[in-house]
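Data first, discussion second: the structure below is written as structure tokens.
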Amino acid sequence: MNTNLPLRLTYKNSDIVFYILNNKPSVAGQDITVSLGGQTYQLRKNQGRWQPQDETLPDRSLLSAIGDSIALRYRI
């Protein structure tokens, strides 16, 4: 069970709440697992940006924005 505090992001004038499920992200880490709306997603660093691993997701831009937010917060 996730014991992390919720993280917030404003995306297209909507407040988005998400959770980081794995340990604190670091520069050395290659994957980040996030929970968004009850779904779990994997983000992977690709060409310097955190992107969802699944190419077929309809909300890829939201997940990319979450990856950018995490990168800024943790300086990774």
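Residue numbering restarts at 1 in every chain; chains get A, B, ... in the order shown in the structure tokens, and ligands count up from 1 in that same order.
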Filtered DSSP result for chain A, state helix (DSSP H, G or I), as a VMD selection string: chain A and resid 60 to 74
Write out as a ChimeraX atom specification which residues come within 9 Å of Gln30 in chain A when counting only C-alpha atoms, dropping same-chain ones fewer than 4 positions away. /A:25-26,43-45
Could those selected residues go to a file with N, CA, C and O atoms, as a PDB file, in the first residue's frame?
```
ATOM      1  N   PRO A  25      12.791   9.164  -6.348  1.00  0.00           N
ATOM      2  CA  PRO A  25      13.483   9.117  -7.644  1.00  0.00           C
ATOM      3  C   PRO A  25      14.886   9.718  -7.534  1.00  0.00           C
ATOM      4  O   PRO A  25      15.119  10.641  -6.760  1.00  0.00           O
ATOM      5  N   SER A  26      15.804   9.174  -8.320  1.00  0.00           N
ATOM      6  CA  SER A  26      17.176   9.679  -8.328  1.00  0.00           C
ATOM      7  C   SER A  26      17.689   9.698  -9.756  1.00  0.00           C
ATOM      8  O   SER A  26      17.081   9.121 -10.662  1.00  0.00           O
ATOM      9  N   LEU A  43       7.062   5.161 -15.846  1.00  0.00           N
ATOM     10  CA  LEU A  43       7.740   6.199 -16.618  1.00  0.00           C
ATOM     11  C   LEU A  43       9.195   5.806 -16.757  1.00  0.00           C
ATOM     12  O   LEU A  43       9.800   5.306 -15.811  1.00  0.00           O
ATOM     13  N   ARG A  44       9.756   6.023 -17.928  1.00  0.00           N
ATOM     14  CA  ARG A  44      11.158   5.695 -18.198  1.00  0.00           C
ATOM     15  C   ARG A  44      11.816   6.913 -18.829  1.00  0.00           C
ATOM     16  O   ARG A  44      11.210   7.602 -19.633  1.00  0.00           O
ATOM     17  N   LYS A  45      13.055   7.144 -18.460  1.00  0.00           N
ATOM     18  CA  LYS A  45      13.785   8.284 -19.008  1.00  0.00           C
ATOM     19  C   LYS A  45      14.173   7.972 -20.451  1.00  0.00           C
ATOM     20  O   LYS A  45      14.810   6.967 -20.734  1.00  0.00           O
TER      21      LYS A  45
END
```
Got a sec: who's within 8 Å of range 63-67 of chain A, counting only C-alpha atoms, leaving out chain neighbours fewer than 3 positions off, as a PyMOL selection string? chain A and resi 9+11+43+49-52+59-60+70-71
Can I get the selected residues back with N, CA and C atoms, as a PDB file, in the first residue's frame?
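What follows is the written file result_3.pdb:
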```
ATOM      1  N   LEU A   9      -0.443  18.504  -9.466  1.00  0.00           N
ATOM      2  CA  LEU A   9      -0.014  19.113 -10.718  1.00  0.00           C
ATOM      3  C   LEU A   9      -1.226  19.795 -11.331  1.00  0.00           C
ATOM      4  N   TYR A  11      -2.791  20.713 -14.734  1.00  0.00           N
ATOM      5  CA  TYR A  11      -2.647  20.299 -16.129  1.00  0.00           C
ATOM      6  C   TYR A  11      -3.913  20.685 -16.873  1.00  0.00           C
ATOM      7  N   LEU A  43       7.062   5.161 -15.846  1.00  0.00           N
ATOM      8  CA  LEU A  43       7.740   6.199 -16.618  1.00  0.00           C
ATOM      9  C   LEU A  43       9.195   5.806 -16.757  1.00  0.00           C
ATOM     10  N   ARG A  49      13.988  13.006 -20.999  1.00  0.00           N
ATOM     11  CA  ARG A  49      12.662  13.295 -20.447  1.00  0.00           C
ATOM     12  C   ARG A  49      12.015  12.007 -19.982  1.00  0.00           C
ATOM     13  N   TRP A  50      11.199  12.125 -18.937  1.00  0.00           N
ATOM     14  CA  TRP A  50      10.460  10.975 -18.420  1.00  0.00           C
ATOM     15  C   TRP A  50       9.202  10.787 -19.250  1.00  0.00           C
ATOM     16  N   GLN A  51       9.070   9.622 -19.854  1.00  0.00           N
ATOM     17  CA  GLN A  51       7.954   9.308 -20.739  1.00  0.00           C
ATOM     18  C   GLN A  51       7.304   8.006 -20.298  1.00  0.00           C
ATOM     19  N   PRO A  52       6.000   7.851 -20.549  1.00  0.00           N
ATOM     20  CA  PRO A  52       5.355   6.569 -20.236  1.00  0.00           C
ATOM     21  C   PRO A  52       5.926   5.460 -21.113  1.00  0.00           C
ATOM     22  N   ASP A  59      -3.441   9.180 -22.616  1.00  0.00           N
ATOM     23  CA  ASP A  59      -3.069  10.350 -21.821  1.00  0.00           C
ATOM     24  C   ASP A  59      -1.554  10.476 -21.661  1.00  0.00           C
ATOM     25  N   ARG A  60      -0.818  10.221 -22.746  1.00  0.00           N
ATOM     26  CA  ARG A  60       0.641  10.295 -22.721  1.00  0.00           C
ATOM     27  C   ARG A  60       1.133  11.688 -22.364  1.00  0.00           C
ATOM     28  N   ILE A  70       7.988  15.631 -11.652  1.00  0.00           N
ATOM     29  CA  ILE A  70       8.843  14.833 -10.770  1.00  0.00           C
ATOM     30  C   ILE A  70      10.298  15.211 -10.963  1.00  0.00           C
ATOM     31  N   ALA A  71      10.721  15.376 -12.225  1.00  0.00           N
ATOM     32  CA  ALA A  71      12.107  15.730 -12.521  1.00  0.00           C
ATOM     33  C   ALA A  71      12.473  17.073 -11.904  1.00  0.00           C
TER      34      ALA A  71
END
```
Which of chain A DSSP labels strand (DSSP E), written as an NGL selection string: :A and (7-11 or 14-20 or 31-36 or 39-46 or 49-52)
I'd like to know which of A:Lys24, A:Leu57, A:Leu7, A:Phe18 is closest to Gly38 in chain A, using only C-alpha atoms. A:Phe18
